[in-house]
Amino acid sequence: MPQLPAPDYPDDVRTRLEADAREIIARYPDSRSALLPLLHLVQSQEGHVTRTGQRFCAEVLGLTTAEVNAVATFYSMYRRKPSGDYQVGVCTNTLCAVMGGDAIFEALQDHLGVGNGETTGDGKVTLEHIECNAACDFAPVVMVNWEFFDNQTVDSAKRLVDDLRTGTDVEPTRGARLCTFKDTARILAGFPDEREGAVEAGGSAGHASLVGLRLAKGESGPARVVHPRGGEAPRERTSEDRTPPEQPPAGHQSSHDAPQDTSASDPSHPAGPVAEEGE
């Protein structure tokens with residue numbers, strides 16, 4: 001049985017965390033809204049959310065430990081057991097998986113000798129499969145402490161984790177240079193990113209991922225004219241096409257979406273059973 005209540009932090013740690021907590025809580029009109037960043041704060045102390053960390057959050061926010069635990073166990077970004085300096089996540093969602101993510105994840109499990117959510121014996125790497133990180137243009141993607149490593153292969157992923165374990169400097173494909181998981185947790189708590197050049201570091205989504213954003217802003221590329229079924233092949237829009245097209249027949253949103261004459265959905269061709277029941 002666990003010790004009840006959870007032990008407190010040492011006095012010096014408690015004093016430092018209380019100062020940080022006051023700064024976080026002051027950002028919110030309702031103090032309990034600060035729970036998520038406070039959980040990142042205590043995670044930055046020990047690398048995972050301990051019972052001591054949950055007790056601390058409960059005390060500074062006036063909540064019960066049960067309320068804090070309910071949140072800490074709901075979100076996957078809060079670790080509930082000791083984890084490595086580097087969280088290596090392999091995307092195994094649809095596109096990354098078919099592009100090689102499943103093979104990378106399986107190979108890294110064998111290479112590191114760990115399973116999903118487990119940490120290497122040296123405490124350097126925690127391996128996990130993760131859901132989509134909106135980087136499908138660069139599949140398959142591996143993330144280390146939430147920084148992108150794009151267009152990975154089995155071999156490149158193995159080199160990556162080997163370099164992490166030996167302390168070799170590695171650079172993400174996009175974004176800021178790596179820091180430890182504890183440092184990442186403090187940044188997620190809302191404190192300044194002190195890595196040199198981190199704020200200025202570039203790295204955007206790929207071309208295909210940004211198409212929807214450009215369309216939402218009213219931007220678009222060359223349009224294509226879509227003709228009714230049976231018409232001529234689509235062609236690029238020209239200046240002659242600026243005249244509003246002829247309206248489609250009444251009752252249909254567009255002529256090329258109109259059902260065919262033989263369609264069972266056409267009112268003039270009502271669908272019905274083709275055989276007696278039981279035949």
# chains A, B, ... in the order shown; residues from 1 in each chain; ligands from 1

call {"tool": "closest_atom_pairs", "arguments": {"of": "stretch 68-148 of chain A", "to": "stretch 205-214 of chain A", "cutoff": "9 Å", "atoms": "only C-alpha atoms", "output": "tab-separated table"}}
result
residue	atom	partner	partner_atom	distance
A:Ala134	CA	A:Ser209	CA	7.8
A:Ala135	CA	A:Ala205	CA	6.5
A:Cys136	CA	A:Ser209	CA	7.5
A:Asp137	CA	A:Gly206	CA	5.6
A:Phe138	CA	A:Gly206	CA	7.4

call {"tool": "write_last_selection", "arguments": {"atoms": "N, CA, C and O atoms", "output": "CSV table (one decimal), in the first residue's frame"}}
result
chain,number,residue,atom,x,y,z
A,134,ALA,N,0.2,15.9,-37.3
A,134,ALA,CA,-0.1,16.8,-38.3
A,134,ALA,C,1.2,17.1,-39.1
A,134,ALA,O,1.5,18.3,-39.5
A,135,ALA,N,1.9,16.1,-39.4
A,135,ALA,CA,3.1,16.2,-40.3
A,135,ALA,C,3.1,15.2,-41.4
A,135,ALA,O,4.2,14.6,-41.8
A,136,CYS,N,1.9,14.9,-41.9
A,136,CYS,CA,1.8,13.8,-42.9
A,136,CYS,C,2.6,14.0,-44.1
A,136,CYS,O,3.0,13.1,-44.8
A,137,ASP,N,2.9,15.3,-44.5
A,137,ASP,CA,3.7,15.6,-45.7
A,137,ASP,C,5.1,14.9,-45.5
A,137,ASP,O,5.7,14.7,-46.6
A,138,PHE,N,5.5,14.7,-44.3
A,138,PHE,CA,6.9,14.2,-44.1
A,138,PHE,C,6.9,12.8,-43.5
A,138,PHE,O,7.9,12.5,-42.8

call {"tool": "residues_around", "arguments": {"residues": "A:Thr126", "least_positions_apart": "6", "cutoff": "8 Å", "atoms": "only C-alpha atoms", "output": "VMD selection string"}}
result
chain A and resid 83 to 88 117 to 120

call {"tool": "write_last_selection", "arguments": {"atoms": "C-alpha atoms", "output": "mmCIF file, in the first residue's frame"}}
result
data_model
loop_
_atom_site.group_PDB
_atom_site.id
_atom_site.type_symbol
_atom_site.label_atom_id
_atom_site.label_comp_id
_atom_site.auth_asym_id
_atom_site.auth_seq_id
_atom_site.Cartn_x
_atom_site.Cartn_y
_atom_site.Cartn_z
ATOM 1 C CA SER A 83 10.674 8.138 -17.961
ATOM 2 C CA GLY A 84 13.752 8.913 -19.997
ATOM 3 C CA ASP A 85 15.549 12.127 -20.802
ATOM 4 C CA TYR A 86 14.223 11.768 -24.348
ATOM 5 C CA GLN A 87 10.685 10.741 -25.211
ATOM 6 C CA VAL A 88 10.955 9.100 -28.633
ATOM 7 C CA GLY A 117 5.989 3.222 -22.952
ATOM 8 C CA GLU A 118 9.118 1.601 -21.517
ATOM 9 C CA THR A 119 12.491 3.194 -20.797
ATOM 10 C CA THR A 120 15.984 1.952 -21.550
#

call {"tool": "closest_residue", "arguments": {"among": "A:Leu178, A:Ala216, A:Val42, A:Ala58", "to": "A:Arg14", "atoms": "only C-alpha atoms"}}
result
A:Val42

call {"tool": "closest_residue", "arguments": {"among": "A:Pro82, A:Gly62, A:Gly167, A:Pro10", "to": "A:Lys182", "atoms": "only C-alpha atoms"}}
result
A:Pro82

call {"tool": "closest_atom_pairs", "arguments": {"of": "stretch 166-220 of chain A", "to": "stretch 16-25 of chain A", "cutoff": "9 Å", "atoms": "only C-alpha atoms", "output": "JSON lines"}}
result
{"residue": "A:Ala189", "atom": "CA", "partner": "A:Ile24", "partner_atom": "CA", "distance": 7.9}
{"residue": "A:Gly190", "atom": "CA", "partner": "A:Ile24", "partner_atom": "CA", "distance": 7.5}
{"residue": "A:Phe191", "atom": "CA", "partner": "A:Ile24", "partner_atom": "CA", "distance": 8.8}

call {"tool": "select_by_dssp", "arguments": {"residues": "stretch 45-148 of chain A", "states": "strand (DSSP E)", "output": "ChimeraX atom specification"}}
result
/A:86-91,118-119,125-130,142-144,147-148

call {"tool": "atom_distance", "arguments": {"atom1": "atom CA of A:Tyr75", "atom2": "atom CA of A:Arg195"}}
result
26.3 Å

call {"tool": "atom_distance", "arguments": {"atom1": "atom CA of A:Val141", "atom2": "atom CA of A:Gly101"}}
result
7.3 Å

call {"tool": "residues_around", "arguments": {"residues": "A:His129", "least_positions_apart": "3", "cutoff": "10 Å", "atoms": "only C-alpha atoms", "output": "MDAnalysis selection string"}}
result
chainID A and resid 88:93 101:102 105:106 115:117 132 142:143

call {"tool": "atom_distance", "arguments": {"atom1": "atom CA of A:Arg80", "atom2": "atom CA of A:Glu131"}}
result
19.0 Å

call {"tool": "closest_residue", "arguments": {"among": "A:Lys81, A:Ile104, A:Gly113, A:Ala26", "to": "A:Val154", "atoms": "only C-alpha atoms"}}
result
A:Ile104

call {"tool": "closest_residue", "arguments": {"among": "A:Val13, A:Leu108, A:Leu36, A:Leu41", "to": "A:Asp183", "atoms": "only C-alpha atoms"}}
result
A:Leu41

call {"tool": "closest_residue", "arguments": {"among": "A:Ala139, A:Val49, A:Leu4, A:Val71", "to": "A:Leu35", "atoms": "only C-alpha atoms"}}
result
A:Val71

call {"tool": "select_by_dssp", "arguments": {"residues": "stretch 120-193 of chain A", "states": "alpha helix (DSSP H)", "output": "VMD selection string"}}
result
chain A and resid 154 to 166 181 to 188

call {"tool": "closest_residue", "arguments": {"among": "A:Arg51, A:Lys158, A:Arg79, A:Arg27", "to": "A:Asp110", "atoms": "only C-alpha atoms"}}
result
A:Lys158

call {"tool": "decode", "arguments": {"residues": "stretch 107-152 of chain A", "atoms": "N, CA and C atoms", "output": "mmCIF file, in the first residue's frame"}}
result
data_model
loop_
_atom_site.group_PDB
_atom_site.id
_atom_site.type_symbol
_atom_site.label_atom_id
_atom_site.label_comp_id
_atom_site.auth_asym_id
_atom_site.auth_seq_id
_atom_site.Cartn_x
_atom_site.Cartn_y
_atom_site.Cartn_z
ATOM 1 N N ALA A 107 11.166 -2.032 -35.172
ATOM 2 C CA ALA A 107 12.624 -2.133 -35.182
ATOM 3 C C ALA A 107 13.232 -1.480 -33.940
ATOM 4 N N LEU A 108 12.684 -0.332 -33.508
ATOM 5 C CA LEU A 108 13.228 0.340 -32.334
ATOM 6 C C LEU A 108 12.954 -0.448 -31.058
ATOM 7 N N GLN A 109 11.839 -1.129 -30.996
ATOM 8 C CA GLN A 109 11.586 -1.977 -29.836
ATOM 9 C C GLN A 109 12.653 -3.061 -29.719
ATOM 10 N N ASP A 110 12.966 -3.679 -30.843
ATOM 11 C CA ASP A 110 14.004 -4.715 -30.836
ATOM 12 C C ASP A 110 15.373 -4.113 -30.558
ATOM 13 N N HIS A 111 15.654 -2.974 -31.176
ATOM 14 C CA HIS A 111 16.968 -2.343 -31.057
ATOM 15 C C HIS A 111 17.242 -1.866 -29.633
ATOM 16 N N LEU A 112 16.222 -1.323 -28.981
ATOM 17 C CA LEU A 112 16.388 -0.785 -27.631
ATOM 18 C C LEU A 112 16.073 -1.803 -26.545
ATOM 19 N N GLY A 113 15.393 -2.862 -26.914
ATOM 20 C CA GLY A 113 15.022 -3.874 -25.929
ATOM 21 C C GLY A 113 13.934 -3.412 -24.977
ATOM 22 N N VAL A 114 13.030 -2.579 -25.461
ATOM 23 C CA VAL A 114 11.933 -2.075 -24.632
ATOM 24 C C VAL A 114 10.623 -2.192 -25.403
ATOM 25 N N GLY A 115 9.523 -2.137 -24.673
ATOM 26 C CA GLY A 115 8.211 -2.121 -25.291
ATOM 27 C C GLY A 115 7.623 -0.727 -25.282
ATOM 28 N N ASN A 116 6.376 -0.632 -25.700
ATOM 29 C CA ASN A 116 5.715 0.670 -25.754
ATOM 30 C C ASN A 116 5.605 1.272 -24.360
ATOM 31 N N GLY A 117 6.060 2.541 -24.233
ATOM 32 C CA GLY A 117 5.989 3.222 -22.952
ATOM 33 C C GLY A 117 7.084 2.843 -21.973
ATOM 34 N N GLU A 118 8.041 2.038 -22.407
ATOM 35 C CA GLU A 118 9.118 1.601 -21.517
ATOM 36 C C GLU A 118 10.387 2.411 -21.765
ATOM 37 N N THR A 119 11.282 2.380 -20.772
ATOM 38 C CA THR A 119 12.491 3.194 -20.797
ATOM 39 C C THR A 119 13.726 2.307 -20.777
ATOM 40 N N THR A 120 14.732 2.711 -21.523
ATOM 41 C CA THR A 120 15.984 1.952 -21.550
ATOM 42 C C THR A 120 16.642 1.964 -20.167
ATOM 43 N N GLY A 121 17.476 0.959 -19.914
ATOM 44 C CA GLY A 121 18.093 0.819 -18.605
ATOM 45 C C GLY A 121 18.954 1.988 -18.188
ATOM 46 N N ASP A 122 19.495 2.723 -19.162
ATOM 47 C CA ASP A 122 20.335 3.878 -18.824
ATOM 48 C C ASP A 122 19.517 5.128 -18.551
ATOM 49 N N GLY A 123 18.192 5.029 -18.657
ATOM 50 C CA GLY A 123 17.329 6.164 -18.374
ATOM 51 C C GLY A 123 17.337 7.249 -19.437
ATOM 52 N N LYS A 124 17.851 6.940 -20.615
ATOM 53 C CA LYS A 124 17.972 7.964 -21.657
ATOM 54 C C LYS A 124 16.737 8.070 -22.540
ATOM 55 N N VAL A 125 16.174 6.938 -22.952
ATOM 56 C CA VAL A 125 15.131 6.944 -23.978
ATOM 57 C C VAL A 125 13.890 6.214 -23.492
ATOM 58 N N THR A 126 12.756 6.865 -23.631
ATOM 59 C CA THR A 126 11.455 6.216 -23.470
ATOM 60 C C THR A 126 10.817 6.136 -24.847
ATOM 61 N N LEU A 127 10.412 4.939 -25.232
ATOM 62 C CA LEU A 127 9.843 4.707 -26.570
ATOM 63 C C LEU A 127 8.339 4.580 -26.476
ATOM 64 N N GLU A 128 7.637 5.200 -27.397
ATOM 65 C CA GLU A 128 6.180 5.068 -27.441
ATOM 66 C C GLU A 128 5.687 5.288 -28.860
ATOM 67 N N HIS A 129 4.549 4.687 -29.171
ATOM 68 C CA HIS A 129 3.901 5.027 -30.439
ATOM 69 C C HIS A 129 2.919 6.155 -30.163
ATOM 70 N N ILE A 130 2.807 7.065 -31.097
ATOM 71 C CA ILE A 130 1.980 8.249 -30.907
ATOM 72 C C ILE A 130 1.009 8.393 -32.058
ATOM 73 N N GLU A 131 -0.026 9.188 -31.811
ATOM 74 C CA GLU A 131 -1.013 9.459 -32.843
ATOM 75 C C GLU A 131 -0.530 10.591 -33.742
ATOM 76 N N CYS A 132 -1.349 10.940 -34.718
ATOM 77 C CA CYS A 132 -0.964 11.900 -35.746
ATOM 78 C C CYS A 132 -0.460 13.215 -35.156
ATOM 79 N N ASN A 133 0.656 13.697 -35.683
ATOM 80 C CA ASN A 133 1.218 14.971 -35.248
ATOM 81 C C ASN A 133 1.154 16.015 -36.350
ATOM 82 N N ALA A 134 0.193 15.854 -37.272
ATOM 83 C CA ALA A 134 -0.059 16.841 -38.320
ATOM 84 C C ALA A 134 1.193 17.115 -39.138
ATOM 85 N N ALA A 135 1.927 16.068 -39.445
ATOM 86 C CA ALA A 135 3.124 16.209 -40.275
ATOM 87 C C ALA A 135 3.110 15.166 -41.384
ATOM 88 N N CYS A 136 1.921 14.893 -41.918
ATOM 89 C CA CYS A 136 1.759 13.812 -42.886
ATOM 90 C C CYS A 136 2.590 14.024 -44.148
ATOM 91 N N ASP A 137 2.879 15.292 -44.486
ATOM 92 C CA ASP A 137 3.707 15.565 -45.668
ATOM 93 C C ASP A 137 5.085 14.933 -45.549
ATOM 94 N N PHE A 138 5.522 14.701 -44.309
ATOM 95 C CA PHE A 138 6.892 14.245 -44.072
ATOM 96 C C PHE A 138 6.931 12.833 -43.504
ATOM 97 N N ALA A 139 5.902 12.065 -43.734
ATOM 98 C CA ALA A 139 5.818 10.708 -43.190
ATOM 99 C C ALA A 139 6.918 9.802 -43.763
ATOM 100 N N PRO A 140 7.395 8.878 -42.907
ATOM 101 C CA PRO A 140 7.058 8.665 -41.496
ATOM 102 C C PRO A 140 7.833 9.599 -40.578
ATOM 103 N N VAL A 141 7.179 10.002 -39.495
ATOM 104 C CA VAL A 141 7.728 11.009 -38.589
ATOM 105 C C VAL A 141 8.026 10.387 -37.226
ATOM 106 N N VAL A 142 9.170 10.774 -36.678
ATOM 107 C CA VAL A 142 9.536 10.440 -35.304
ATOM 108 C C VAL A 142 9.678 11.753 -34.546
ATOM 109 N N MET A 143 9.172 11.804 -33.329
ATOM 110 C CA MET A 143 9.307 13.007 -32.510
ATOM 111 C C MET A 143 10.154 12.690 -31.286
ATOM 112 N N VAL A 144 11.009 13.635 -30.926
ATOM 113 C CA VAL A 144 11.812 13.519 -29.706
ATOM 114 C C VAL A 144 11.509 14.736 -28.846
ATOM 115 N N ASN A 145 10.905 14.506 -27.689
ATOM 116 C CA ASN A 145 10.482 15.605 -26.815
ATOM 117 C C ASN A 145 9.688 16.648 -27.594
ATOM 118 N N TRP A 146 8.834 16.142 -28.502
ATOM 119 C CA TRP A 146 7.896 16.942 -29.298
ATOM 120 C C TRP A 146 8.569 17.777 -30.392
ATOM 121 N N GLU A 147 9.813 17.466 -30.722
ATOM 122 C CA GLU A 147 10.467 18.093 -31.867
ATOM 123 C C GLU A 147 10.480 17.094 -33.021
ATOM 124 N N PHE A 148 10.367 17.598 -34.267
ATOM 125 C CA PHE A 148 10.162 16.754 -35.435
ATOM 126 C C PHE A 148 11.458 16.201 -36.025
ATOM 127 N N PHE A 149 11.410 14.924 -36.348
ATOM 128 C CA PHE A 149 12.424 14.274 -37.164
ATOM 129 C C PHE A 149 11.660 13.616 -38.317
ATOM 130 N N ASP A 150 11.732 14.262 -39.483
ATOM 131 C CA ASP A 150 10.885 13.908 -40.615
ATOM 132 C C ASP A 150 11.532 12.856 -41.513
ATOM 133 N N ASN A 151 10.677 12.232 -42.345
ATOM 134 C CA ASN A 151 11.123 11.325 -43.413
ATOM 135 C C ASN A 151 12.111 10.289 -42.895
ATOM 136 N N GLN A 152 11.726 9.631 -41.808
ATOM 137 C CA GLN A 152 12.619 8.667 -41.180
ATOM 138 C C GLN A 152 12.567 7.296 -41.859
#
